[in-house]
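As provided, start01.txt (compact mmCIF, C-alpha atoms and all ligand atoms) reads as follows.
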```
# COMPACT_ATOMS: atom_id res chain seq x y z
CA MET A 1 -2.68 -16.33 -32.27
CA SER A 2 0.01 -16.12 -35.00
CA PHE A 3 3.12 -14.08 -34.46
CA SER A 4 2.15 -11.40 -36.96
CA SER A 5 -1.32 -11.03 -35.54
CA LEU A 6 0.20 -10.87 -32.03
CA VAL A 7 2.50 -8.06 -33.18
CA SER A 8 -0.33 -6.17 -34.76
CA ASP A 9 -2.45 -6.75 -31.69
CA ILE A 10 0.30 -5.28 -29.47
CA ALA A 11 0.76 -2.35 -31.86
CA TYR A 12 -2.96 -1.85 -31.83
CA ARG A 13 -3.11 -1.91 -28.02
CA SER A 14 -0.28 0.58 -27.60
CA ALA A 15 -1.86 2.86 -30.18
CA GLU A 16 -5.01 2.61 -28.09
CA ARG A 17 -3.14 3.62 -24.96
CA ASP A 18 -1.41 6.47 -26.74
CA ASP A 19 -4.51 7.97 -28.16
CA GLN A 20 -7.35 8.70 -25.82
CA ARG A 21 -9.57 9.99 -28.57
CA SER A 22 -9.24 6.83 -30.59
CA GLN A 23 -10.25 4.82 -27.51
CA VAL A 24 -13.33 6.88 -27.12
CA SER A 25 -14.31 6.70 -30.75
CA ARG A 26 -13.65 2.95 -30.90
CA ALA A 27 -15.73 2.41 -27.79
CA ARG A 28 -18.49 4.41 -29.38
CA SER A 29 -18.38 2.42 -32.58
CA TYR A 30 -18.39 -0.88 -30.61
CA ALA A 31 -21.34 0.31 -28.66
CA SER A 32 -23.22 1.14 -31.85
CA THR A 33 -22.35 -2.09 -33.73
CA ALA A 34 -22.53 -4.69 -30.92
CA ALA A 35 -24.38 -3.75 -27.79
CA THR A 36 -22.90 -6.66 -25.80
CA SER A 37 -19.19 -6.14 -26.54
CA VAL A 38 -16.97 -4.33 -24.08
CA SER A 39 -14.50 -1.64 -25.06
CA ILE A 40 -10.91 -2.85 -25.33
CA ALA A 41 -9.80 0.15 -23.31
CA GLY A 42 -12.05 -0.95 -20.48
CA ASP A 43 -10.76 -4.48 -20.81
CA ILE A 44 -7.14 -3.44 -20.38
CA SER A 45 -7.56 -1.45 -17.20
CA SER A 46 -9.89 -3.97 -15.62
CA GLN A 47 -7.41 -6.84 -15.83
CA LEU A 48 -5.55 -7.01 -12.50
CA HIS A 49 -5.39 -10.74 -11.73
CA GLY A 50 -2.43 -11.36 -14.01
CA GLY A 51 -0.29 -9.03 -11.97
CA TYR A 52 -0.48 -11.21 -8.89
CA SER A 53 -0.98 -14.63 -10.43
CA HIS A 54 2.28 -16.07 -9.09
CA PRO A 55 3.35 -16.26 -5.42
CA LEU A 56 6.44 -14.20 -6.19
CA ALA A 57 4.41 -11.61 -8.06
CA ARG A 58 2.12 -11.44 -5.02
CA ALA A 59 5.11 -10.85 -2.75
CA TRP A 60 6.22 -8.04 -5.07
CA GLN A 61 2.97 -6.21 -4.40
CA ALA A 62 4.23 -5.31 -0.93
CA GLU A 63 6.46 -2.27 -0.66
CA ARG A 64 7.99 -3.79 2.46
CA GLN A 65 8.21 -7.43 3.42
CA LEU A 66 8.87 -8.62 6.92
CA THR A 67 12.39 -9.85 7.55
CA LYS A 68 13.95 -11.07 10.78
CA SER A 69 16.03 -7.91 11.06
CA MET A 70 12.88 -5.77 11.40
CA LEU A 71 11.84 -7.47 14.64
CA ILE A 72 12.54 -6.44 18.23
CA PHE A 73 11.59 -8.97 20.90
CA PRO A 74 10.41 -7.72 24.34
CA LEU A 75 12.01 -9.41 27.35
CA PHE A 76 10.92 -9.08 30.97
CA VAL A 77 13.91 -9.47 33.27
CA SER A 78 13.18 -9.77 36.98
CA ASP A 79 15.44 -9.23 39.97
CA GLN A 80 14.97 -12.87 41.04
CA PRO A 81 17.97 -14.50 39.34
CA ASP A 82 16.42 -17.94 38.84
CA GLU A 83 12.87 -16.92 38.12
CA GLU A 84 11.04 -18.27 35.10
CA THR A 85 7.36 -17.47 35.49
CA LEU A 86 4.74 -17.75 32.79
CA ILE A 87 2.65 -14.59 32.50
CA PRO A 88 -0.93 -15.85 32.41
CA SER A 89 -2.37 -12.97 30.38
CA LEU A 90 0.52 -13.00 27.89
CA PRO A 91 0.57 -16.44 26.22
CA ASN A 92 4.00 -18.11 25.98
CA GLN A 93 5.78 -15.12 27.55
CA HIS A 94 7.75 -15.36 30.78
CA ARG A 95 9.33 -13.18 33.34
CA ARG A 96 12.91 -14.41 33.63
CA GLY A 97 15.79 -13.85 35.98
CA ILE A 98 19.30 -13.02 34.83
CA ASN A 99 20.34 -16.69 35.03
CA LYS A 100 17.59 -17.74 32.63
CA ILE A 101 17.85 -15.28 29.79
CA VAL A 102 20.95 -16.58 28.02
CA PRO A 103 19.77 -20.21 27.80
CA TYR A 104 16.40 -18.93 26.58
CA LEU A 105 17.82 -16.55 23.99
CA ARG A 106 20.60 -18.73 22.59
CA PRO A 107 18.41 -20.85 20.29
CA LEU A 108 16.55 -17.72 19.19
CA VAL A 109 19.81 -15.96 18.32
CA GLU A 110 20.80 -19.07 16.36
CA LYS A 111 17.54 -18.78 14.44
CA GLY A 112 18.27 -15.19 13.52
CA LEU A 113 17.06 -13.02 16.41
CA ARG A 114 18.66 -9.59 15.91
CA SER A 115 17.26 -7.42 18.69
CA VAL A 116 15.62 -7.42 22.11
CA ILE A 117 14.03 -4.67 24.19
CA LEU A 118 14.55 -5.04 27.93
CA PHE A 119 12.03 -4.30 30.66
CA GLY A 120 13.11 -4.62 34.27
CA VAL A 121 10.77 -6.15 36.82
CA PRO A 122 11.66 -5.51 40.45
CA ILE A 123 9.95 -8.06 42.65
CA ALA A 124 12.02 -7.98 45.85
CA PRO A 125 10.24 -6.37 48.79
CA ASN A 126 11.01 -2.65 49.09
CA ALA A 127 12.42 -2.62 45.55
CA LYS A 128 10.19 0.33 44.66
CA ASP A 129 10.14 3.90 45.92
CA ALA A 130 8.73 7.28 44.94
CA LEU A 131 11.71 8.16 42.74
CA GLY A 132 12.19 4.83 40.96
CA THR A 133 15.67 4.61 42.42
CA ASN A 134 16.19 1.02 41.29
CA ALA A 135 15.66 1.77 37.61
CA ASP A 136 19.39 2.32 37.19
CA ASP A 137 20.69 0.19 40.04
CA PRO A 138 24.01 -1.08 38.66
CA LYS A 139 23.18 -4.49 40.14
CA GLY A 140 19.59 -4.36 38.90
CA PRO A 141 18.23 -6.69 36.24
CA VAL A 142 18.37 -4.27 33.29
CA MET A 143 21.92 -3.02 33.86
CA LYS A 144 23.12 -6.58 34.44
CA SER A 145 21.31 -7.93 31.38
CA ILE A 146 22.73 -5.24 29.13
CA ARG A 147 26.27 -6.18 30.10
CA LEU A 148 25.61 -9.91 30.00
CA LEU A 149 23.90 -9.85 26.59
CA ARG A 150 26.56 -7.58 25.06
CA ARG A 151 29.19 -10.06 26.22
CA THR A 152 27.35 -13.22 25.27
CA PHE A 153 25.77 -12.24 21.97
CA PRO A 154 28.02 -9.66 20.31
CA ASP A 155 25.69 -9.28 17.30
CA LEU A 156 22.48 -8.84 19.26
CA PHE A 157 21.16 -5.26 19.25
CA ILE A 158 20.14 -4.29 22.77
CA VAL A 159 17.34 -1.81 23.29
CA ALA A 160 16.59 -0.64 26.83
CA ASP A 161 13.10 0.64 27.53
CA VAL A 162 13.46 3.67 29.76
CA CYS A 163 10.68 4.37 32.24
CA LEU A 164 10.09 4.67 35.93
CA CYS A 165 6.68 3.00 36.28
CA GLU A 166 8.16 -0.44 36.93
CA TYR A 167 10.21 1.03 39.78
CA THR A 168 7.90 3.52 41.47
CA THR A 169 5.61 2.61 44.36
CA HIS A 170 2.81 4.64 42.74
CA GLY A 171 3.38 2.99 39.33
CA HIS A 172 3.42 6.22 37.35
CA CYS A 173 5.99 7.00 34.67
CA GLY A 174 7.79 9.78 36.50
CA ILE A 175 8.14 11.68 39.75
CA LEU A 176 4.94 13.04 41.23
CA ARG A 177 3.91 16.30 42.81
CA ASP A 178 1.97 16.21 46.08
CA ASP A 179 -1.28 16.43 44.12
CA GLY A 180 -0.43 13.23 42.23
CA SER A 181 0.36 14.87 38.90
CA LEU A 182 3.68 14.38 37.12
CA ASN A 183 6.43 16.82 37.96
CA ASN A 184 7.80 17.22 34.46
CA VAL A 185 11.08 18.90 35.39
CA LEU A 186 12.08 16.30 37.99
CA SER A 187 10.79 13.43 35.84
CA VAL A 188 12.83 14.47 32.80
CA GLU A 189 15.90 14.86 34.98
CA ARG A 190 15.47 11.38 36.41
CA VAL A 191 14.42 9.64 33.17
CA SER A 192 17.39 11.10 31.29
CA ASP A 193 19.76 9.95 34.04
CA VAL A 194 18.35 6.43 33.76
CA ALA A 195 18.75 6.51 29.96
CA MET A 196 22.37 7.59 30.42
CA SER A 197 23.06 4.71 32.80
CA TYR A 198 21.68 2.20 30.29
CA ALA A 199 23.67 3.75 27.46
CA GLU A 200 26.85 3.73 29.52
CA ALA A 201 26.24 0.08 30.44
CA GLY A 202 26.28 -0.67 26.71
CA ALA A 203 22.72 -0.48 25.42
CA HIS A 204 22.83 0.15 21.66
CA CYS A 205 19.54 1.97 21.90
CA VAL A 206 17.61 3.72 24.64
CA ALA A 207 13.86 4.00 24.24
CA PRO A 208 12.08 6.33 26.67
CA SER A 209 8.43 5.30 27.02
CA ASP A 210 7.55 7.68 29.85
CA MET A 211 6.01 10.44 27.70
CA ASN A 212 7.34 13.31 29.81
CA ASP A 213 7.67 16.49 27.75
CA GLY A 214 11.20 17.31 26.66
CA ARG A 215 12.88 14.04 27.59
CA ILE A 216 14.25 13.39 24.10
CA ARG A 217 16.15 16.66 24.10
CA ALA A 218 17.40 16.07 27.64
CA ILE A 219 18.65 12.58 26.81
CA LYS A 220 20.28 13.68 23.56
CA LEU A 221 22.11 16.52 25.33
CA LYS A 222 23.37 14.21 28.06
CA LEU A 223 24.55 11.68 25.47
CA ILE A 224 26.42 14.46 23.67
CA GLU A 225 27.91 15.77 26.88
CA ALA A 226 29.12 12.29 27.84
CA GLY A 227 30.68 11.85 24.40
CA ILE A 228 28.58 8.80 23.49
CA ALA A 229 25.90 10.35 21.32
CA HIS A 230 27.57 8.88 18.23
CA GLN A 231 27.12 5.31 19.40
CA VAL A 232 23.64 5.26 20.89
CA VAL A 233 20.35 5.20 19.00
CA LEU A 234 17.62 7.28 20.61
CA MET A 235 14.24 5.73 19.90
CA SER A 236 11.31 7.78 21.11
CA TYR A 237 7.96 6.32 22.00
CA SER A 238 6.56 9.53 20.51
CA ALA A 239 3.00 8.53 19.86
CA LYS A 240 2.05 6.32 22.76
CA PHE A 241 -1.69 6.17 23.32
CA SER A 242 -3.44 5.52 26.58
CA GLY A 243 -5.97 2.81 26.10
CA CYS A 244 -6.85 -0.66 27.25
CA LEU A 245 -4.21 -2.62 25.37
CA TYR A 246 -1.41 -2.59 27.97
CA GLY A 247 -3.09 -4.79 30.60
CA PRO A 248 -1.04 -7.97 30.08
CA PHE A 249 2.18 -5.93 30.05
CA ARG A 250 1.30 -4.37 33.36
CA ASP A 251 0.67 -7.88 34.76
CA ALA A 252 4.07 -8.93 33.47
CA ALA A 253 5.98 -5.87 34.65
CA GLY A 254 3.95 -5.15 37.78
CA SER A 255 3.60 -1.56 36.60
CA CYS A 256 -0.09 -0.88 37.08
CA PRO A 257 -0.62 2.61 38.56
CA SER A 258 -1.69 2.36 42.20
CA PHE A 259 -4.13 5.25 41.68
CA GLY A 260 -5.48 7.13 38.68
CA ASP A 261 -4.40 6.37 35.14
CA ARG A 262 -1.95 7.59 32.51
CA ARG A 263 -4.34 9.79 30.56
CA CYS A 264 -2.56 13.02 31.44
CA TYR A 265 0.66 11.93 29.77
CA GLN A 266 -0.18 9.19 27.28
CA LEU A 267 -2.18 10.39 24.27
CA PRO A 268 -5.98 10.19 24.01
CA PRO A 269 -6.95 7.56 21.40
CA GLY A 270 -8.63 10.16 19.20
CA GLY A 271 -5.69 12.52 19.30
CA ARG A 272 -4.26 12.27 15.82
CA GLY A 273 -3.22 15.92 15.79
CA LEU A 274 -1.53 15.59 19.17
CA ALA A 275 0.34 12.56 17.93
CA ARG A 276 1.55 14.50 14.89
CA ARG A 277 2.74 17.33 17.16
CA ALA A 278 4.53 14.88 19.45
CA ILE A 279 6.22 13.21 16.47
CA VAL A 280 7.42 16.52 15.00
CA ARG A 281 8.61 17.68 18.40
CA ASP A 282 10.59 14.51 19.08
CA ILE A 283 12.22 14.66 15.65
CA ASN A 284 13.26 18.24 16.40
CA GLU A 285 14.55 17.19 19.82
CA GLY A 286 16.90 14.65 18.26
CA ALA A 287 15.07 11.31 18.10
CA ASP A 288 16.72 8.83 15.73
CA ILE A 289 13.70 6.54 15.48
CA ILE A 290 10.03 7.35 16.04
CA MET A 291 7.82 4.72 17.59
CA VAL A 292 4.04 4.43 17.45
CA LYS A 293 2.22 2.33 20.04
CA PRO A 294 -0.09 0.40 19.96
CA ALA A 295 0.18 -0.61 16.31
CA SER A 296 -2.87 -2.16 14.63
CA GLN A 297 -5.38 0.27 16.14
CA TYR A 298 -3.19 3.23 15.12
CA LEU A 299 -2.18 2.53 11.53
CA ASP A 300 -3.06 6.09 10.47
CA ILE A 301 -0.59 7.37 13.08
CA ILE A 302 2.12 5.07 11.72
CA SER A 303 1.45 6.48 8.27
CA ASP A 304 1.52 10.04 9.67
CA ALA A 305 4.85 9.24 11.35
CA LYS A 306 6.26 8.00 8.05
CA GLU A 307 5.08 11.18 6.35
CA LEU A 308 6.36 13.56 9.05
CA GLY A 309 9.54 11.59 9.62
CA LYS A 310 10.23 10.47 6.11
CA ASP A 311 13.97 10.47 6.78
CA LEU A 312 13.77 8.37 9.95
CA PRO A 313 12.99 4.71 10.51
CA ILE A 314 9.51 4.27 11.98
CA ALA A 315 8.91 1.61 14.61
CA ALA A 316 5.59 0.21 15.74
CA TYR A 317 4.95 -1.65 18.98
CA GLN A 318 2.41 -4.41 18.62
CA VAL A 319 1.57 -4.33 22.30
CA SER A 320 0.62 -6.98 24.82
CA GLY A 321 -3.14 -6.50 24.35
CA GLU A 322 -2.89 -6.88 20.58
CA TYR A 323 -0.85 -10.05 21.00
CA ALA A 324 -3.18 -11.50 23.65
CA MET A 325 -6.22 -10.67 21.52
CA ILE A 326 -4.82 -12.53 18.51
CA HIS A 327 -4.02 -15.54 20.70
CA ALA A 328 -7.48 -15.52 22.26
CA ALA A 329 -9.26 -15.27 18.91
CA ALA A 330 -7.11 -18.00 17.38
CA LYS A 331 -7.89 -20.22 20.36
CA ALA A 332 -11.59 -19.54 19.86
CA GLY A 333 -11.30 -20.69 16.25
CA VAL A 334 -11.81 -17.26 14.69
CA PHE A 335 -8.69 -17.60 12.54
CA ASP A 336 -5.35 -19.31 12.30
CA LEU A 337 -2.76 -17.75 14.62
CA ARG A 338 0.01 -17.58 12.06
CA ALA A 339 -2.22 -16.19 9.33
CA MET A 340 -3.42 -13.40 11.62
CA ALA A 341 0.03 -12.62 12.99
CA GLU A 342 1.27 -12.25 9.42
CA GLU A 343 -1.69 -10.18 8.28
CA ALA A 344 -1.45 -7.83 11.26
CA THR A 345 2.26 -7.36 10.68
CA GLN A 346 1.74 -6.75 6.97
CA GLY A 347 -0.72 -4.00 7.86
CA ILE A 348 1.82 -2.40 10.20
CA LEU A 349 4.49 -2.46 7.48
CA ARG A 350 2.08 -1.20 4.83
CA ALA A 351 1.23 1.77 7.06
CA GLY A 352 4.90 2.76 7.04
CA ALA A 353 6.80 0.97 9.81
CA SER A 354 10.06 -0.79 9.08
CA ILE A 355 10.69 -1.93 12.67
CA VAL A 356 8.17 -3.98 14.65
CA VAL A 357 8.35 -4.69 18.35
CA SER A 358 6.48 -7.96 18.66
CA TYR A 359 5.88 -10.79 21.11
CA PHE A 360 5.46 -13.00 18.01
CA THR A 361 9.18 -12.65 17.25
CA PRO A 362 10.09 -16.25 18.27
CA GLU A 363 7.37 -17.59 15.97
CA PHE A 364 8.45 -15.33 13.11
CA LEU A 365 12.00 -16.66 13.43
CA ASP A 366 10.53 -20.07 12.57
CA TRP A 367 8.14 -18.78 9.92
CA LEU A 368 10.49 -16.46 8.03
CA SER A 369 13.33 -17.63 5.85
CA ASN A 370 15.19 -14.32 5.76
N1 LIG A 401 5.98 2.85 30.25
C1 LIG A 401 5.74 1.52 30.45
C2 LIG A 401 5.48 0.73 29.21
N2 LIG A 401 6.43 0.46 28.29
C3 LIG A 401 5.85 -0.35 27.32
C4 LIG A 401 4.51 -0.58 27.67
C5 LIG A 401 3.45 -1.38 26.99
C6 LIG A 401 3.88 -2.55 26.23
C7 LIG A 401 2.83 -3.58 26.01
O1 LIG A 401 1.65 -3.45 26.41
O2 LIG A 401 3.19 -4.60 25.43
C8 LIG A 401 4.29 0.12 28.86
C9 LIG A 401 2.98 0.08 29.55
C10 LIG A 401 2.31 1.29 29.97
O3 LIG A 401 2.54 2.39 29.45
O4 LIG A 401 1.49 1.13 30.85
ZN ZN A 402 5.99 3.94 32.28
ZN ZN A 403 8.12 1.72 29.56
```

Go through the file and emit its structure as structure tokens.
Ligand SMILES: NCc1[nH]cc(CCC(=O)O)c1CC(=O)O
Ligand SMILES: [Zn+2]
Ligand SMILES: [Zn+2]
Amino acid sequence: MSFSSLVSDIAYRSAERDDQRSQVSRARSYASTAATSVSIAGDISSQLHGGYSHPLARAWQAERQLTKSMLIFPLFVSDQPDEETLIPSLPNQHRRGINKIVPYLRPLVEKGLRSVILFGVPIAPNAKDALGTNADDPKGPVMKSIRLLRRTFPDLFIVADVCLCEYTTHGHCGILRDDGSLNNVLSVERVSDVAMSYAEAGAHCVAPSDMNDGRIRAIKLKLIEAGIAHQVVLMSYSAKFSGCLYGPFRDAAGSCPSFGDRRCYQLPPGGRGLARRAIVRDINEGADIIMVKPASQYLDIISDAKELGKDLPIAAYQVSGEYAMIHAAAKAGVFDLRAMAEEATQGILRAGASIVVSYFTPEFLDWLSN
């Protein structure tokens, strides 16, 4: 095509775009003169391939692309200092004692690991009781790890999961009444004390996953009262659904309820409206980050969280069951592990999350360049 005809072609196309009526009349006249030709207007809007013809142009199609700084890596820290036990239902993940976490994390930090979330695993006999007393034992694995990691890796962002289920004999996420139901008042009191202990030990972020009503407000008030609210991020597991995707985690953390289930405090899987109410409530109670969990089965909730909390970062927890499922399917030849890990994460980001808690973090540190 000559330059002048290219110019006139462009002028012609923009005139077409500008003038709807001319498009219609031209389409009509094409239709009457040549039955097989297609209207130019139709041609223009049907051409999408050009827009993603190059790898970079394809990357530009994503509003958000995964970077290393979006990832939080879950760590199970046990009270057995030298333990390093593979968790059979959670491929490649271990329960580690305090003496094993620094050597394990160092190469990951060198590859760009920015954040971990800590879960304590008390294994010693009699380590558990009805009140979850050991959750904030100053010599317990979480409190020790917070101090050790702050000292050893000054740039690593330390999140402490706050819950009682790992520390209670009954395995529920709070303090129980005689009838086995959660005593919300006592539970909030205890959970907020535990959060305070972690914050005072140096956690950059406390993340209550217990789902007791009102705990965000209670924690925020205690942080304010202690004069440390300005230096601690409060991340709420606001929309945490009860389902069958936490099994491997409960194996790892030894936090399976000894009776009953968590359906009276975690959300029912169909409860989109409840999730929206919980998200709004937690924002009003002072949450700095809203988390949705699990992730891939709850993408609509992530997108609701982004809509309701448009001024907050949204986190999604790709939980143990999601991770184990991807591993199992990859092993069975259904798909390539990396391809699926990337696709699942892209879906989570597309839905609205900008923080992802993922057991794939070590792999992503190898796969990502930024
Ligand atoms: N409150 C405990 C807690 N904190 C995070 C997870 C799940 C994480 C995962 O499955 O990876 C759980 C399990 C549960 O609620 O039973
Ligand atoms: Zn719990
Ligand atoms: Zn928890």

Of the candidates A:Lys220, A:Arg276, A:His172, A:Arg147, which shows the shortest atom-to-atom distance to ligand ZN 402 (chain A), using all atoms listed in the file?
A:His172

Find the residues near segment 261-265 of chain A: any atom within 12 Å, counting all atoms listed in the file, skip ones fewer than 5 places away on the same chain, and give them as JSON, numbers by chain.
{"A": [165, 170, 171, 172, 173, 174, 180, 181, 182, 183, 184, 187, 209, 210, 211, 212, 213, 238, 239, 240, 241, 242, 243, 244, 246, 255, 256, 271, 274, 275, 278]}

Output of the above residues as a PDB file, in the frame of the given file, restricted to C-alpha atoms:
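File again.pdb, as written:
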```pdb
ATOM      1  CA  CYS A 165       6.680   3.000  36.280  1.00  0.00           C
ATOM      2  CA  HIS A 170       2.810   4.640  42.740  1.00  0.00           C
ATOM      3  CA  GLY A 171       3.380   2.990  39.330  1.00  0.00           C
ATOM      4  CA  HIS A 172       3.420   6.220  37.350  1.00  0.00           C
ATOM      5  CA  CYS A 173       5.990   7.000  34.670  1.00  0.00           C
ATOM      6  CA  GLY A 174       7.790   9.780  36.500  1.00  0.00           C
ATOM      7  CA  GLY A 180      -0.430  13.230  42.230  1.00  0.00           C
ATOM      8  CA  SER A 181       0.360  14.870  38.900  1.00  0.00           C
ATOM      9  CA  LEU A 182       3.680  14.380  37.120  1.00  0.00           C
ATOM     10  CA  ASN A 183       6.430  16.820  37.960  1.00  0.00           C
ATOM     11  CA  ASN A 184       7.800  17.220  34.460  1.00  0.00           C
ATOM     12  CA  SER A 187      10.790  13.430  35.840  1.00  0.00           C
ATOM     13  CA  SER A 209       8.430   5.300  27.020  1.00  0.00           C
ATOM     14  CA  ASP A 210       7.550   7.680  29.850  1.00  0.00           C
ATOM     15  CA  MET A 211       6.010  10.440  27.700  1.00  0.00           C
ATOM     16  CA  ASN A 212       7.340  13.310  29.810  1.00  0.00           C
ATOM     17  CA  ASP A 213       7.670  16.490  27.750  1.00  0.00           C
ATOM     18  CA  SER A 238       6.560   9.530  20.510  1.00  0.00           C
ATOM     19  CA  ALA A 239       3.000   8.530  19.860  1.00  0.00           C
ATOM     20  CA  LYS A 240       2.050   6.320  22.760  1.00  0.00           C
ATOM     21  CA  PHE A 241      -1.690   6.170  23.320  1.00  0.00           C
ATOM     22  CA  SER A 242      -3.440   5.520  26.580  1.00  0.00           C
ATOM     23  CA  GLY A 243      -5.970   2.810  26.100  1.00  0.00           C
ATOM     24  CA  CYS A 244      -6.850  -0.660  27.250  1.00  0.00           C
ATOM     25  CA  TYR A 246      -1.410  -2.590  27.970  1.00  0.00           C
ATOM     26  CA  SER A 255       3.600  -1.560  36.600  1.00  0.00           C
ATOM     27  CA  CYS A 256      -0.090  -0.880  37.080  1.00  0.00           C
ATOM     28  CA  GLY A 271      -5.690  12.520  19.300  1.00  0.00           C
ATOM     29  CA  LEU A 274      -1.530  15.590  19.170  1.00  0.00           C
ATOM     30  CA  ALA A 275       0.340  12.560  17.930  1.00  0.00           C
ATOM     31  CA  ALA A 278       4.530  14.880  19.450  1.00  0.00           C
TER      32      ALA A 278
END
```

Do you know which residues are at most 10 Å from Ala287 of chain A counting all atoms listed in the file, after dropping those on the same chain fewer than 6 positions away, and could you put them as a VMD selection string?
chain A and resid 207 216 to 217 219 to 220 233 to 238 279 to 281 312

What would the file look like if the residues just selected were written as an mmCIF file, in the frame of the given file with C-alpha atoms?
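In the end it all went to part.cif:
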```cif
data_model
loop_
_atom_site.group_PDB
_atom_site.id
_atom_site.type_symbol
_atom_site.label_atom_id
_atom_site.label_comp_id
_atom_site.auth_asym_id
_atom_site.auth_seq_id
_atom_site.Cartn_x
_atom_site.Cartn_y
_atom_site.Cartn_z
ATOM 1 C CA ALA A 207 13.860 4.000 24.240
ATOM 2 C CA ILE A 216 14.250 13.390 24.100
ATOM 3 C CA ARG A 217 16.150 16.660 24.100
ATOM 4 C CA ILE A 219 18.650 12.580 26.810
ATOM 5 C CA LYS A 220 20.280 13.680 23.560
ATOM 6 C CA VAL A 233 20.350 5.200 19.000
ATOM 7 C CA LEU A 234 17.620 7.280 20.610
ATOM 8 C CA MET A 235 14.240 5.730 19.900
ATOM 9 C CA SER A 236 11.310 7.780 21.110
ATOM 10 C CA TYR A 237 7.960 6.320 22.000
ATOM 11 C CA SER A 238 6.560 9.530 20.510
ATOM 12 C CA ILE A 279 6.220 13.210 16.470
ATOM 13 C CA VAL A 280 7.420 16.520 15.000
ATOM 14 C CA ARG A 281 8.610 17.680 18.400
ATOM 15 C CA LEU A 312 13.770 8.370 9.950
#
```

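For the choices A:Gln231, A:Ala253, A:Arg58, A:Lys144, the atom-to-atom distance to ligand ZN 403 (chain A) is smallest for A:Ala253 when using all atoms listed in the file.
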
Of the candidates A:Pro107, A:Gly254, A:Gly97, A:Pro248, which one gets nearest to Ala324 of chain A if we count only C-alpha atoms?
A:Pro248

Atom CA of Cys163 of chain A to atom CA of Phe249 of chain A, straight-line distance in Å:
13.5 Å
